[in-house]
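Here's the structure, in C-alpha cells; my notes come after.
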Amino acid sequence: MSHLRLTTPGLFSTIQDLGRFGYGAQGVPVAGVLDPVGLRLANALVGNVDGEAGIEFCGLGPGLVVEAESVRLAVVGPARPILSRDGAATALAVGRCHLLHRGDVLALGAVNGAASAVLVVEGGFDLAPVMGSLSTFVRAGIGPLGGRPLVAGCMLPLRRDRASEGPLLALSAPFDHGRGAVRVMLGPQAEYFTETALEVLASAEFIVGRDADRMGLRLEGPRLEHKGEAGIASDGLVRGCIQVPGNGQPIVLLADHQTVGGYAKIATVISADLPRVGRMVPGDRLRFRVVDLAEAETARNALERAIQSARSSLRALAGELDLDALYSANLVSGMVNGETP
Amino acid sequence: MRVKDVGDTAFAVDFDDGDRVVALYDAIRRVGPLLGLVETVPSLRSLLVIFDPLSISRAEMEARIRGLADRASDGDGGEGRSWRIPVRYDGPDLDAVAQACGLSRTRVIDLHAGRVYQVRMLGFMPGFAYMGTLPEALRLGRRGEPRLKVPAGSVAIADDMTAIYPWESPGGWHLLGSAEIALFDQTREPPALLAAGDQVVFVPL
C-alpha cells in the first residue's frame, strides 16, 4: 500500500473537497475547502478532476513522509514547503507540481497571508467518501478518518503507487483573487435593518476579528442597527450570508456554517467573491459593495473564465531539480512571495 | 408565497404557513433530480432553494419551483412518517419548568407527551429536529444561562418547539427527559432519523 505518513499534524489540517451537498435538510453543513479556487487549481496541476479532495491546512502545515515509489503533488496557497531528500533541504515552490520519491520528507511550513493552503496528490487519496463527500466537518465528526483533524501518524493512502510520466505543470501566473470591495447582494432580511445600517454596510470599513474560523468571519466595525428585533423565524443559510446578531456586529458565514439560523441577514456575499472571503484572516480589512443579481452573475461567469484560463495556460516545466534550486536560492534571499509559482 | 434573493446561488420561498413549506419540499423531492438544483433546506416558514448558477439561470429555477409550488399547494402534503419515541422524563429542568409554568411535574409530562408534533426543520447540528408546536402552557424562553454540555439524547423544550439533542453539545433549552435513540448515524442512508414533515409522539417510560 502506498501512503503519505504524517509526522506532524500542523495546526489544523483536514481532508476537504468542494463540499458535501444534499444533506442540508438533515442539518449537515456543506463544509469543504475555504478556498475552492485553490483546490481546483491544485487539482489541475496534478491532472486530477476539479473536486478531488486534498489536505487543507491552516496556520502551520503538516510534515509528511512519502511511503510510495513516487508521487506527484502540488501545493496552492501561501505556504512554505521544504523538501528534505538525502539530507539536503530544498524549498519547493507553490503553484506547481512536484515529483517526490519514497523517503522524501515534506514540511509544508507556515501559512501566511491567507487562512489556508491545500496540498493535493495525483490520483487523490484512497479514502471512502462519507455521505458522498470527503469533506471533514469536525464539530460532528463527519468525514473520512473519523471526521477529525489529521494527527501525527496518520496514514493517508494514495490511489496511485507511482507517479505518471510526462512534464510537470506550473501555473503561468499567480491567480488573481481580486481586490477592492467585496460584492454583496442585499437580503434576505435587509428590511430588518435601518436605512443607516444599509448605508454603513455599503461604505464602512470592517476588520476581520480574532476568532475567525471555518464557520465564519466575525467582523469588527460600526454597528449595524436593526429596526427592531435581531431574531427571525430560523431559516436556511448559504455560505456568504452576513448575519447580524443583536450586538450589530456582522458575521460572514463560511464553509462550516450551520444549515439554518435565527438572526436577520442583511446581505449575502456573491459566489464570485466567496473564495476570496474564504482566504481572509484576522486583521484583514474589507469593505462591501452592493450589486444586483445581473452583476453577480456576470462576476461569477468571469471567475469561471479566469479559472478556465489558468487551467488551460499551465506551463510544462523542463526539469524538477534545477528549478527548485532556483526557487531555493530565492527563498534564502527572501525573494519568494507565497503566491509565486 | 414570497421569493427572496439569498445571494446569486439561492433564493428563499417564504410562506405564512409551515405546512406549505413541507408540501413544497416534498413536491420537489418527488419530481426527482432537477437540472441545476443543488439542494433545498426547509425551515419554519421558508424553503431555501440552492442552485448552480452555471447550470441554470435564477429566473428559470424560480419558474420551475413556482410551478411545483402551485401544484403542491393543492394540499397532498402529509407524506411524513409517524414515530413513537419512548422518553424517560427525568430531565434536570423538569421541576424548574413545572414551577415556571405553574404546573405539577405530572402535568408537564402529560402535556408534553400528550400531542402529536410535526418536524418543522433540522438544523443547529446534524439530525437536530425542531418539532412543533408545544402546548401554550409549556412555552418558555431559553434558559438564561445556556449549558456548556447537554447530553446526547436529552429531550428539551424552548419557545414553541421541542427537540432531542442528537449530540452532546452546548444548549440553552430546558431539559425534560432523555431518549435512547440514534438520531443521526452517518453510516445510514439517510443519516438523520427524522425528516421535515414527520410526525412524532413521545411515550413516557
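All residue names refer to the C-alpha cells as shown: chains lettered A, B, ... in order, residues numbered from 1 in each chain, ligands numbered from 1 in order.
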
Q: Fewer than 4 positions away in the same chain doesn't count, so skip those; otherwise give me all residues within 8 Å of Ala196 of chain B, counting only C-alpha atoms, as a ChimeraX atom specification.
A: /A:25 /B:22,42,80,118-122,129

Q | All residues 7 Å or closer to segment 149-164 of chain B, only C-alpha atoms, same chain fewer than 6 positions away omitted, as a ChimeraX atom specification | A | /B:128-134,139-142,170-171,173-181

Q.
When you look at Leu34 of chain B with a cut-off of 12 Å (counting only C-alpha atoms), what residues show up, excluding the ones that are within fewer than 5 positions of it in the same chain? I need them as a PyMOL selection string.
A. chain B and resi 27-29+39-40+49-52+55-56+60-62+64-65+68

Q: Compile the residues of chain A that lie within 10 Å of chain B, evaluated using only C-alpha atoms, and express the compilation as a PyMOL selection string.
A: chain A and resi 21-29+130-131+139-143+184-189+233-241+257-262+265+267-272+291-297+300-301+304

Based on the selection just made, write C-alpha atoms of those residues as a PDB file, in the first residue's frame.
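What landed in result_23.pdb:
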```pdb
ATOM      1  CA  PHE A  21     -24.161  18.718  -0.802  1.00  0.00           C
ATOM      2  CA  GLY A  22     -27.613  17.240  -0.459  1.00  0.00           C
ATOM      3  CA  TYR A  23     -27.731  16.876   3.331  1.00  0.00           C
ATOM      4  CA  GLY A  24     -28.644  20.408   4.354  1.00  0.00           C
ATOM      5  CA  ALA A  25     -32.233  19.354   5.050  1.00  0.00           C
ATOM      6  CA  GLN A  26     -30.795  16.942   7.645  1.00  0.00           C
ATOM      7  CA  GLY A  27     -28.847  19.685   9.369  1.00  0.00           C
ATOM      8  CA  VAL A  28     -25.490  18.728   7.885  1.00  0.00           C
ATOM      9  CA  PRO A  29     -23.251  21.677   6.933  1.00  0.00           C
ATOM     10  CA  VAL A 130     -18.810   9.748   3.872  1.00  0.00           C
ATOM     11  CA  MET A 131     -22.273  10.785   2.738  1.00  0.00           C
ATOM     12  CA  ARG A 139     -17.799  19.537  15.073  1.00  0.00           C
ATOM     13  CA  ALA A 140     -19.903  16.459  14.346  1.00  0.00           C
ATOM     14  CA  GLY A 141     -17.062  14.134  13.355  1.00  0.00           C
ATOM     15  CA  ILE A 142     -18.392  13.732   9.825  1.00  0.00           C
ATOM     16  CA  GLY A 143     -15.878  12.829   7.135  1.00  0.00           C
ATOM     17  CA  VAL A 184     -22.828  41.524  -1.845  1.00  0.00           C
ATOM     18  CA  MET A 185     -26.481  41.278  -2.768  1.00  0.00           C
ATOM     19  CA  LEU A 186     -28.866  42.716  -0.179  1.00  0.00           C
ATOM     20  CA  GLY A 187     -31.067  40.317   1.727  1.00  0.00           C
ATOM     21  CA  PRO A 188     -32.694  38.020   2.510  1.00  0.00           C
ATOM     22  CA  GLN A 189     -33.659  40.227   5.507  1.00  0.00           C
ATOM     23  CA  ALA A 233     -38.039  32.607  12.476  1.00  0.00           C
ATOM     24  CA  SER A 234     -34.963  30.455  11.714  1.00  0.00           C
ATOM     25  CA  ASP A 235     -34.396  29.964   8.015  1.00  0.00           C
ATOM     26  CA  GLY A 236     -31.869  28.372   5.683  1.00  0.00           C
ATOM     27  CA  LEU A 237     -28.353  29.722   5.182  1.00  0.00           C
ATOM     28  CA  VAL A 238     -25.741  29.659   2.438  1.00  0.00           C
ATOM     29  CA  ARG A 239     -22.038  30.388   2.532  1.00  0.00           C
ATOM     30  CA  GLY A 240     -21.618  34.144   2.300  1.00  0.00           C
ATOM     31  CA  CYS A 241     -24.732  35.091   4.275  1.00  0.00           C
ATOM     32  CA  HIS A 257     -21.813  27.343   8.858  1.00  0.00           C
ATOM     33  CA  GLN A 258     -24.981  25.846  10.306  1.00  0.00           C
ATOM     34  CA  THR A 259     -27.734  24.986   7.844  1.00  0.00           C
ATOM     35  CA  VAL A 260     -30.336  27.233   9.498  1.00  0.00           C
ATOM     36  CA  GLY A 261     -30.060  30.278  11.717  1.00  0.00           C
ATOM     37  CA  GLY A 262     -32.219  32.685  13.654  1.00  0.00           C
ATOM     38  CA  LYS A 265     -29.182  38.521   7.339  1.00  0.00           C
ATOM     39  CA  ALA A 267     -26.806  40.773   2.763  1.00  0.00           C
ATOM     40  CA  THR A 268     -25.082  37.835   1.097  1.00  0.00           C
ATOM     41  CA  VAL A 269     -21.621  37.780  -0.456  1.00  0.00           C
ATOM     42  CA  ILE A 270     -21.899  36.853  -4.143  1.00  0.00           C
ATOM     43  CA  SER A 271     -20.479  33.495  -5.182  1.00  0.00           C
ATOM     44  CA  ALA A 272     -17.671  35.038  -7.243  1.00  0.00           C
ATOM     45  CA  VAL A 291     -24.600  44.736  -6.523  1.00  0.00           C
ATOM     46  CA  ASP A 292     -27.671  43.303  -8.232  1.00  0.00           C
ATOM     47  CA  LEU A 293     -28.252  39.779  -9.497  1.00  0.00           C
ATOM     48  CA  ALA A 294     -27.141  40.612 -13.039  1.00  0.00           C
ATOM     49  CA  GLU A 295     -23.780  41.915 -11.814  1.00  0.00           C
ATOM     50  CA  ALA A 296     -23.355  38.886  -9.544  1.00  0.00           C
ATOM     51  CA  GLU A 297     -23.998  36.542 -12.463  1.00  0.00           C
ATOM     52  CA  ARG A 300     -19.392  34.531 -11.396  1.00  0.00           C
ATOM     53  CA  ASN A 301     -19.007  33.870 -15.100  1.00  0.00           C
ATOM     54  CA  GLU A 304     -15.119  30.702 -14.004  1.00  0.00           C
TER      55      GLU A 304
END
```

Q | Distance criterion (only C-alpha atoms): nearest to Leu99 of chain A out of A:Gly77, A:Pro149, A:Gly32, A:Pro167 | A |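 Answer, going by the shortest atom-to-atom distance: A:Pro167.
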
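Among the candidates B:Leu94, B:Val201, B:Leu148, B:Ile85, the residue lying nearest to Arg107 of chain B is B:Leu94 (atoms considered: only C-alpha atoms).
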
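Between atom CA of Pro9 of chain A and atom CA of Leu108 of chain A there is a distance of 10.2 Å.
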
Q: Write out as a list in words the residues lying within 7 Å of Val33 of chain A, counting only C-alpha atoms and excluding same-chain residues fewer than 6 positions away.
A: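 Here the qualifying residues turn out to be Gln16, Asp17, Leu18, Glu56 and Ala255 of chain A.
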
Would you write out those residues with C-alpha atoms, as an mmCIF file, in the first residue's frame?
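Once everything was written out, this is selection-v8.cif:
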```cif
data_model
loop_
_atom_site.group_PDB
_atom_site.id
_atom_site.type_symbol
_atom_site.label_atom_id
_atom_site.label_comp_id
_atom_site.auth_asym_id
_atom_site.auth_seq_id
_atom_site.Cartn_x
_atom_site.Cartn_y
_atom_site.Cartn_z
ATOM 1 C CA GLN A 16 -11.622 18.573 2.285
ATOM 2 C CA ASP A 17 -13.180 18.529 -1.156
ATOM 3 C CA LEU A 18 -15.603 21.052 -2.653
ATOM 4 C CA GLU A 56 -6.419 21.855 3.739
ATOM 5 C CA ALA A 255 -17.706 26.564 4.933
#
```

(Q) When you look at Ala68 of chain A with a cut-off of 6 Å (counting only C-alpha atoms), what residues show up, excluding the ones that are within fewer than 3 positions of it in the same chain? I need them as a list in words. (A) Ser2, His3, Arg102 and Asp161 of chain A

Q: Would you work out the distance separating atom CA of Ala182 of chain B from atom CA of Tyr165 of chain B, expressed in Å to one decimal?
A: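 Between atom CA of Ala182 of chain B and atom CA of Tyr165 of chain B the gap is 10.2 Å.
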
Q) atom CA of Leu171 of chain A to atom CA of Met155 of chain A: how many Å, to one decimal? A)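 Atom CA of Met155 of chain A lies at a distance of 28.9 Å from atom CA of Leu171 of chain A.
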
Q) Using only C-alpha atoms, which residue out of A:Arg183, A:Arg148, A:Arg285, A:Arg159 lies closest to Leu219 of chain A? A)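 Among A:Arg183, A:Arg148, A:Arg285, A:Arg159, it is A:Arg285 that comes nearest to Leu219 of chain A.
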
Q.
Could you list, as a PyMOL selection string, every residue within 8 Å of Arg81 of chain B, counting only C-alpha atoms and ignoring same-chain residues fewer than 6 positions away?
A. chain B and resi 197-199
